[in-house]
$ cat data33.cif   # mmCIF, C-alpha atoms
data_protein
loop_
_atom_site.label_atom_id
_atom_site.label_comp_id
_atom_site.auth_asym_id
_atom_site.auth_seq_id
_atom_site.Cartn_x
_atom_site.Cartn_y
_atom_site.Cartn_z
CA LEU E 512 204.85 -59.18 -42.62
CA VAL E 513 204.91 -60.19 -38.95
CA LEU E 514 205.19 -56.52 -37.96
CA ALA E 515 202.33 -55.53 -40.25
CA GLY E 516 200.17 -58.33 -38.85
CA GLY E 517 200.88 -57.16 -35.33
CA VAL E 518 199.85 -53.61 -36.19
CA VAL E 519 196.58 -54.87 -37.66
CA VAL E 520 195.84 -56.86 -34.51
CA ILE E 521 196.52 -53.84 -32.30
CA LEU E 522 194.26 -51.64 -34.42
CA LEU E 523 191.45 -54.21 -34.21
CA VAL E 524 191.75 -54.35 -30.41
CA VAL E 525 191.61 -50.55 -30.17
CA VAL E 526 188.52 -50.42 -32.39
CA LEU E 527 186.77 -53.07 -30.30
CA LEU E 528 187.55 -51.22 -27.05
CA VAL E 529 186.25 -47.92 -28.40
CA CYS E 530 183.05 -49.49 -29.68
CA THR E 531 182.28 -51.10 -26.33
CA LEU E 532 182.83 -47.97 -24.23
CA PRO E 533 179.59 -46.62 -22.67
CA VAL E 534 178.11 -43.67 -24.50
CA GLN E 535 178.25 -40.54 -22.36
CA VAL E 536 175.87 -37.65 -22.81
CA GLU E 537 177.68 -34.34 -23.22
CA GLY E 538 178.38 -32.64 -19.91
CA ALA E 539 176.92 -35.50 -17.87
CA LYS E 540 178.40 -37.13 -14.79
CA PRO E 541 178.76 -40.92 -14.72
CA ILE E 542 175.59 -42.67 -13.59
CA ASP E 543 175.46 -43.39 -9.86
CA GLN E 544 174.70 -47.10 -10.05
CA ASP E 545 173.73 -47.32 -6.39
CA PHE E 546 171.01 -44.69 -6.77
CA LEU E 547 169.60 -45.93 -10.04
CA SER E 548 169.30 -49.42 -8.61
CA HIS E 549 166.66 -47.87 -6.32
CA VAL E 550 164.67 -46.62 -9.32
CA VAL E 551 162.04 -49.07 -10.54
CA LEU E 552 160.95 -48.81 -14.17
CA GLN E 553 157.22 -49.45 -14.34
CA GLU E 554 155.46 -50.27 -17.58
CA TYR E 555 152.45 -48.14 -16.74
CA GLY E 556 151.76 -44.44 -16.28
CA VAL E 557 151.68 -42.57 -12.99
CA LEU E 558 147.96 -43.38 -12.61
CA GLY E 559 148.62 -47.11 -12.97
CA LEU E 560 147.40 -47.63 -16.54
CA LYS E 561 149.45 -48.40 -19.62
CA GLU E 562 148.67 -47.14 -23.10
CA GLY E 563 145.43 -48.65 -24.43
CA GLU E 564 144.45 -50.26 -21.12
CA ALA E 565 140.90 -49.83 -19.82
CA SER E 566 140.46 -48.07 -16.50
CA ASP E 567 138.61 -51.01 -15.00
CA ALA E 568 141.72 -53.13 -15.58
CA ASN E 569 143.90 -50.87 -13.42
CA MET E 570 145.83 -53.01 -10.96
CA HIS E 571 148.15 -50.20 -9.83
CA VAL E 572 145.90 -47.38 -8.66
CA PRO E 573 147.92 -44.82 -6.64
CA GLY E 574 147.44 -45.40 -2.92
CA PRO E 575 147.15 -42.94 -0.01
CA ALA E 576 150.94 -43.02 0.50
CA THR E 577 151.71 -42.37 -3.20
CA ALA E 578 152.94 -39.03 -4.53
CA VAL E 579 152.09 -38.52 -8.21
CA VAL E 580 154.18 -36.10 -10.26
CA VAL E 581 152.18 -33.89 -12.60
CA PRO E 582 153.87 -31.69 -15.24
CA THR E 583 152.24 -28.30 -15.03
CA GLY E 584 152.13 -25.45 -17.53
CA LEU E 585 152.42 -21.89 -16.27
CA ALA E 586 149.78 -20.71 -18.75
CA VAL E 587 147.22 -23.18 -17.37
CA VAL E 588 148.07 -22.25 -13.77
CA GLU E 589 147.47 -18.58 -14.56
CA THR E 590 143.95 -19.41 -15.78
CA ASN E 591 143.34 -21.44 -12.59
CA ASP E 592 141.37 -23.88 -14.73
CA PRO E 593 142.78 -27.44 -14.57
CA SER E 594 140.00 -28.67 -16.86
CA SER E 595 141.63 -26.80 -19.75
CA ALA E 596 144.76 -28.96 -19.52
CA THR E 597 145.33 -31.80 -21.96
CA GLY E 598 147.62 -34.82 -22.19
CA ALA E 599 149.06 -36.43 -19.05
CA SER E 600 148.44 -33.31 -16.97
CA GLY E 601 144.77 -33.18 -17.90
CA ALA E 602 144.30 -36.88 -17.12
CA ILE E 603 145.90 -36.48 -13.69
CA TYR E 604 143.82 -33.38 -12.86
CA ARG E 605 140.62 -35.23 -13.79
CA TRP E 606 141.62 -38.26 -11.75
CA ALA E 607 142.33 -36.04 -8.73
CA GLY E 608 139.03 -34.17 -9.19
CA LEU E 609 140.88 -30.85 -9.33
CA SER E 610 138.74 -27.78 -9.97
CA SER E 611 141.39 -25.14 -9.19
CA PHE E 612 145.05 -24.97 -8.29
CA PRO E 613 146.17 -24.72 -4.64
CA PRO E 614 148.01 -21.57 -3.43
CA GLN E 615 151.48 -23.18 -3.46
CA VAL E 616 151.13 -23.90 -7.17
CA HIS E 617 150.31 -20.26 -7.92
CA GLU E 618 153.54 -19.32 -6.13
CA MET E 619 155.63 -21.20 -8.72
CA THR E 620 157.01 -18.93 -11.41
CA ASN E 621 160.22 -20.53 -12.69
CA SER E 622 160.77 -23.60 -14.85
CA GLY E 623 161.69 -26.61 -12.76
CA GLN E 624 160.03 -25.45 -9.55
CA ALA E 625 157.93 -28.04 -7.74
CA ALA E 626 155.29 -28.02 -5.00
CA PHE E 627 153.71 -30.84 -3.01
CA ALA E 628 149.97 -30.42 -2.52
CA PRO E 629 147.86 -33.15 -0.92
CA GLU E 630 144.34 -33.20 -2.32
CA ALA E 631 141.26 -34.97 -0.98
CA ASN E 632 141.88 -38.06 -3.11
CA ALA E 633 145.47 -37.66 -4.25
CA ASN E 634 148.95 -36.50 -3.30
CA LEU E 635 150.29 -34.42 -6.17
CA ILE E 636 153.74 -32.98 -6.78
CA TYR E 637 153.27 -30.21 -9.32
CA VAL E 638 156.31 -29.25 -11.38
CA LEU E 639 156.75 -26.55 -13.99
CA SER E 640 158.19 -28.95 -16.52
CA PRO E 641 161.00 -27.34 -18.53
CA SER E 642 160.58 -27.00 -22.25
CA LEU E 643 163.81 -27.85 -24.07
CA ARG E 644 162.63 -26.21 -27.28
CA GLY E 645 164.90 -23.34 -28.16
CA ILE E 646 167.78 -24.72 -26.09
CA SER E 647 170.70 -25.64 -28.34
CA SER E 648 173.17 -26.81 -25.70
CA MET E 649 172.73 -30.30 -24.28
CA THR E 650 174.52 -29.16 -21.12
CA ALA E 651 171.89 -26.44 -20.59
CA ALA E 652 169.08 -28.89 -21.33
CA GLN E 653 170.45 -31.35 -18.78
CA ALA E 654 170.80 -28.56 -16.24
CA ALA E 655 167.11 -27.69 -16.67
CA LEU E 656 166.10 -31.33 -16.22
CA LYS E 657 168.33 -31.72 -13.17
CA ILE E 658 166.65 -28.76 -11.48
CA ALA E 659 163.20 -30.21 -12.08
CA TYR E 660 164.12 -33.65 -10.75
CA THR E 661 165.96 -32.17 -7.76
CA ASN E 662 162.97 -30.11 -6.70
CA ILE E 663 160.63 -33.08 -7.17
CA LEU E 664 162.83 -35.25 -4.94
CA ILE E 665 163.03 -32.52 -2.29
CA GLN E 666 159.25 -32.20 -2.19
CA PHE E 667 158.81 -35.98 -2.00
CA ILE E 668 161.37 -36.40 0.79
CA ALA E 669 159.81 -33.61 2.84
CA SER E 670 156.36 -35.19 2.54
CA SER E 671 154.95 -38.13 4.51
CA THR E 672 154.39 -40.22 1.36
CA THR E 673 156.46 -43.34 0.77
CA GLU E 674 156.05 -43.99 -2.97
CA LEU E 675 157.01 -41.58 -5.74
CA ARG E 676 155.68 -41.96 -9.27
CA LEU E 677 157.84 -40.03 -11.70
CA LEU E 678 157.37 -39.67 -15.42
CA PRO E 679 159.93 -38.46 -17.96
CA MET E 680 160.09 -34.67 -17.89
CA SER E 681 160.09 -32.65 -21.11
CA SER E 682 158.91 -35.48 -23.36
CA GLY E 683 157.12 -35.14 -26.68
CA ALA E 684 157.25 -31.71 -28.26
CA ASP E 685 158.92 -30.31 -25.13
CA ALA E 686 162.04 -32.35 -25.90
CA GLY E 687 162.86 -30.07 -28.83
CA SER E 688 165.90 -31.42 -30.67
CA PHE E 689 166.78 -33.80 -27.82
CA GLY E 690 164.04 -36.37 -28.37
CA ASP E 691 166.37 -39.25 -29.24
CA ASP E 692 168.66 -38.51 -26.28
CA LEU E 693 165.94 -37.84 -23.72
CA PRO E 694 165.88 -41.33 -22.14
CA ARG E 695 169.61 -41.21 -21.36
CA MET E 696 169.40 -37.54 -20.34
CA THR E 697 166.56 -38.45 -17.97
CA PHE E 698 168.69 -40.85 -15.95
CA PHE E 699 171.83 -38.72 -16.04
CA SER E 700 169.73 -35.86 -14.69
CA LEU E 701 168.27 -38.06 -11.95
CA ASN E 702 171.81 -38.96 -10.94
CA ALA E 703 172.82 -35.31 -10.81
CA ALA E 704 169.71 -34.53 -8.79
CA LEU E 705 170.65 -37.17 -6.22
CA ALA E 706 174.16 -35.75 -5.99
CA SER E 707 172.73 -32.36 -5.04
CA LEU E 708 170.81 -33.76 -2.05
CA SER E 709 172.15 -33.84 1.48
CA ASP E 710 173.23 -37.11 3.09
CA GLU E 711 170.14 -36.98 5.31
CA GLN E 712 167.82 -36.55 2.35
CA ARG E 713 169.45 -39.43 0.46
CA ALA E 714 169.10 -41.70 3.49
CA ILE E 715 165.35 -40.98 3.64
CA LEU E 716 164.96 -41.44 -0.11
CA PHE E 717 166.62 -44.85 -0.10
CA LYS E 718 164.00 -46.12 2.38
CA ARG E 719 161.18 -45.28 -0.02
CA ASP E 720 160.00 -46.41 -3.44
CA VAL E 721 160.97 -44.35 -6.48
CA ASN E 722 159.20 -45.39 -9.69
CA MET E 723 159.80 -44.09 -13.18
CA CYS E 724 156.49 -44.73 -14.93
CA ILE E 725 156.43 -45.25 -18.70
CA PHE E 726 152.93 -44.94 -20.17
CA MET E 727 153.71 -45.56 -23.84
CA VAL E 728 154.28 -49.23 -24.64
CA VAL E 729 156.75 -48.39 -27.40
CA ASP E 730 158.93 -46.46 -24.92
CA SER E 731 159.34 -49.24 -22.36
CA ASP E 732 162.30 -50.98 -24.00
CA ILE E 733 163.95 -47.66 -24.85
CA TYR E 734 163.95 -46.45 -21.24
CA ARG E 735 164.98 -49.88 -19.96
CA GLY E 736 167.98 -49.76 -22.30
CA ALA E 737 168.85 -46.27 -21.11
CA CYS E 738 169.08 -47.46 -17.51
CA PRO E 739 170.37 -51.03 -17.30
CA SER E 740 170.97 -50.65 -13.55
CA CYS E 741 167.35 -49.71 -12.85
CA ALA E 742 165.08 -52.35 -11.40
CA THR E 743 162.06 -53.42 -13.45
CA GLY E 744 158.52 -54.41 -12.56
CA LEU E 745 157.02 -54.19 -9.11
CA SER E 746 159.37 -53.38 -6.25
CA ALA E 747 160.37 -56.52 -4.36
CA THR E 748 160.54 -54.65 -1.07
CA PRO E 749 157.93 -51.86 -1.08
CA ALA E 750 158.26 -49.17 1.57
CA SER E 751 155.92 -49.21 4.53
CA LEU E 752 152.58 -47.56 3.98
CA GLN E 753 152.97 -45.83 7.35
CA PRO E 754 153.81 -42.10 6.98
CA GLU E 755 157.33 -41.09 7.94
CA PRO E 756 158.40 -37.89 9.72
CA ALA E 757 158.91 -35.02 7.29
CA ALA E 758 162.51 -34.20 6.43
CA PRO E 759 164.01 -30.70 6.53
CA THR E 760 163.21 -28.82 3.36
CA GLN E 761 165.73 -27.26 1.06
CA ALA E 762 165.17 -24.09 -0.90
CA PRO E 763 164.24 -24.89 -4.53
CA THR E 764 166.93 -24.09 -7.05
CA GLN E 765 166.23 -21.71 -9.88
CA ALA E 766 166.18 -22.73 -13.52
CA PRO E 767 168.82 -21.53 -16.00
CA THR E 768 167.76 -18.39 -17.80
CA GLU E 769 168.16 -20.20 -21.11
CA ALA E 770 165.35 -22.63 -20.24
CA PRO E 771 161.81 -21.36 -21.01
CA THR E 772 159.58 -20.92 -17.97
CA GLU E 773 156.42 -22.21 -19.58
CA ALA E 774 155.76 -25.83 -20.35
CA PRO E 775 152.80 -26.96 -22.43
CA THR E 776 150.44 -29.48 -20.97
#
$ encode --input "data33.cif" --output "structure tokens"
Amino acid sequence: LVLAGGVVVILLVVVLLVCTLPVQVEGAKPIDQDFLSHVVLQEYGVLGLKEGEASDANMHVPGPATAVVVPTGLAVVETNDPSSATGASGAIYRWAGLSSFPPQVHEMTNSGQAAFAPEANANLIYVLSPSLRGISSMTAAQAALKIAYTNILIQFIASSTTELRLLPMSSGADAGSFGDDLPRMTFFSLNAALASLSDEQRAILFKRDVNMCIFMVVDSDIYRGACPSCATGLSATPASLQPEPAAPTQAPTQAPTEAPTEAPT
């Protein structure tokens, strides 16, 4: 009886240990806690508003040193008509007063490519957001997200802006079958993107503000739970508003062939 009781105790301990282990996304590297502690989760979208909030209540309007990420669809770029875009992309184009796309955006052809383009009233980082629809492998989906985030970070670091406003890539219908896993995949991909940067680029990045902006109120707690090491709310030590010298650029990586090259807006 003593032996049987001991076996039961051991089994209970094993079960408790397994249940408390962190859940790892397939093919993902462990989260780099030091990097993600530099990411601030903001409960408003990249334009400073949260879902249902009136524009005249906006307390977080992007400033002259802010780079706003805008997911861009190849089909819309080919029409050269930003006014035809919908969703987050359309809202950002209208806010920026965009009537056509700059030349560097027309040069993007592959999913995950990004381009920094300062406009008269806004600093935009365009990215051909990958669509995860049709991708069955989580490893391939994460690879597509990593490429997008890497290229966004490279463009931000090479610019003179000091605040980056990210939003989750490939959300909504673009998430395909990965909708439930997307919050965790987002932060694992950000970690992988950081790992691909040079030491010099990381040093510059750590001196600036990196915000992950969550527009939908219902998503705030989900993304906070997916990144417990991320900071929340306004940054306690915002970067200087003075422009910094541009960093050396790095050639954008190409997206996996499995990832579609066109992302809806």
$ atom_distance --input "data33.cif" --atom1 "CA of Val572 in chain E" --atom2 "CA of Leu558 in chain E"
6.0 Å
$ closest_residue --input "data33.cif" --among "E:Ala706, E:Ile725, E:Val581, E:Ala576" --to "Val616 in chain E" --atoms "all atoms listed in the file"
E:Val581
$ residues_near_point --input "data33.cif" --point "(158.2, -38.5, -7.0)" --cutoff "7 Å" --atoms "only C-alpha atoms" --output "list in words"
Ala578, Val579, Val580, Ile663, Leu664, Phe667, Leu675, Arg676, Leu677 and Val721 of chain E
$ residues_near_point --input "data33.cif" --point "(150.5, -42.9, -7.7)" --cutoff "12 Å" --atoms "all atoms listed in the file" --output "VMD selection string"
chain E and resid 553 555 to 560 569 to 581 603 606 to 607 632 to 636 672 to 678 720 to 724
$ resolve_selection --input "data33.cif" --expression "the PyMOL selection byres ((chain E and resi 593) around 9)" --output "list in words"
Val587, Val588, Thr590, Asn591, Asp592, Ser594, Ser595, Ala596, Thr597, Ser600, Gly601, Tyr604, Arg605, Leu609, Ser610, Ser611 and Phe612 of chain E
$ closest_residue --input "data33.cif" --among "E:Arg695, E:His549, E:His617, E:Arg735" --to "Gln653 in chain E" --atoms "only C-alpha atoms"
E:Arg695
$ decode --input "data33.cif" --residues "range 614-636 of chain E" --atoms "N, CA and C atoms" --output "short mmCIF file (atom, residue, chain, number, x, y, z; two decimals), in the first residue's frame"
data_model
loop_
_atom_site.label_atom_id
_atom_site.label_comp_id
_atom_site.auth_asym_id
_atom_site.auth_seq_id
_atom_site.Cartn_x
_atom_site.Cartn_y
_atom_site.Cartn_z
N PRO E 614 6.60 55.61 -55.18
CA PRO E 614 7.34 54.66 -56.04
C PRO E 614 7.85 53.43 -55.29
N GLN E 615 8.36 53.61 -54.06
CA GLN E 615 8.94 52.47 -53.34
C GLN E 615 7.91 51.41 -53.01
N VAL E 616 6.64 51.80 -52.92
CA VAL E 616 5.59 50.82 -52.67
C VAL E 616 5.31 50.00 -53.92
N HIS E 617 5.36 50.66 -55.08
CA HIS E 617 5.15 49.93 -56.34
C HIS E 617 6.28 48.94 -56.61
N GLU E 618 7.41 49.13 -55.97
CA GLU E 618 8.54 48.22 -56.17
C GLU E 618 8.38 46.94 -55.36
N MET E 619 7.47 46.89 -54.42
CA MET E 619 7.25 45.69 -53.61
C MET E 619 6.42 44.68 -54.41
N THR E 620 6.89 43.47 -54.42
CA THR E 620 6.19 42.42 -55.18
C THR E 620 5.97 41.14 -54.38
N ASN E 621 6.70 40.96 -53.29
CA ASN E 621 6.63 39.72 -52.54
C ASN E 621 6.01 39.91 -51.16
N SER E 622 5.24 38.94 -50.72
CA SER E 622 4.63 38.97 -49.40
C SER E 622 5.70 39.18 -48.33
N GLY E 623 5.41 40.10 -47.41
CA GLY E 623 6.34 40.37 -46.32
C GLY E 623 7.29 41.52 -46.58
N GLN E 624 7.39 41.99 -47.82
CA GLN E 624 8.25 43.13 -48.09
C GLN E 624 7.68 44.39 -47.46
N ALA E 625 8.57 45.30 -47.08
CA ALA E 625 8.14 46.54 -46.43
C ALA E 625 8.91 47.71 -47.01
N ALA E 626 8.30 48.90 -46.93
CA ALA E 626 8.94 50.12 -47.44
C ALA E 626 8.53 51.30 -46.58
N PHE E 627 9.50 52.09 -46.15
CA PHE E 627 9.23 53.30 -45.40
C PHE E 627 9.03 54.45 -46.37
N ALA E 628 7.94 55.20 -46.19
CA ALA E 628 7.65 56.31 -47.09
C ALA E 628 7.07 57.47 -46.27
N PRO E 629 7.87 58.49 -46.02
CA PRO E 629 7.34 59.65 -45.30
C PRO E 629 6.40 60.46 -46.19
N GLU E 630 5.21 60.75 -45.69
CA GLU E 630 4.25 61.56 -46.41
C GLU E 630 4.22 62.96 -45.80
N ALA E 631 3.42 63.83 -46.33
CA ALA E 631 3.36 65.21 -45.84
C ALA E 631 2.93 65.26 -44.38
N ASN E 632 1.97 64.39 -44.01
CA ASN E 632 1.43 64.44 -42.65
C ASN E 632 1.62 63.14 -41.88
N ALA E 633 2.41 62.22 -42.42
CA ALA E 633 2.53 60.92 -41.77
C ALA E 633 3.80 60.20 -42.23
N ASN E 634 4.31 59.36 -41.35
CA ASN E 634 5.41 58.45 -41.70
C ASN E 634 4.85 57.04 -41.75
N LEU E 635 4.76 56.48 -42.93
CA LEU E 635 4.15 55.17 -43.10
C LEU E 635 5.19 54.12 -43.44
N ILE E 636 5.03 52.94 -42.84
CA ILE E 636 5.78 51.76 -43.25
C ILE E 636 4.79 50.80 -43.88
#
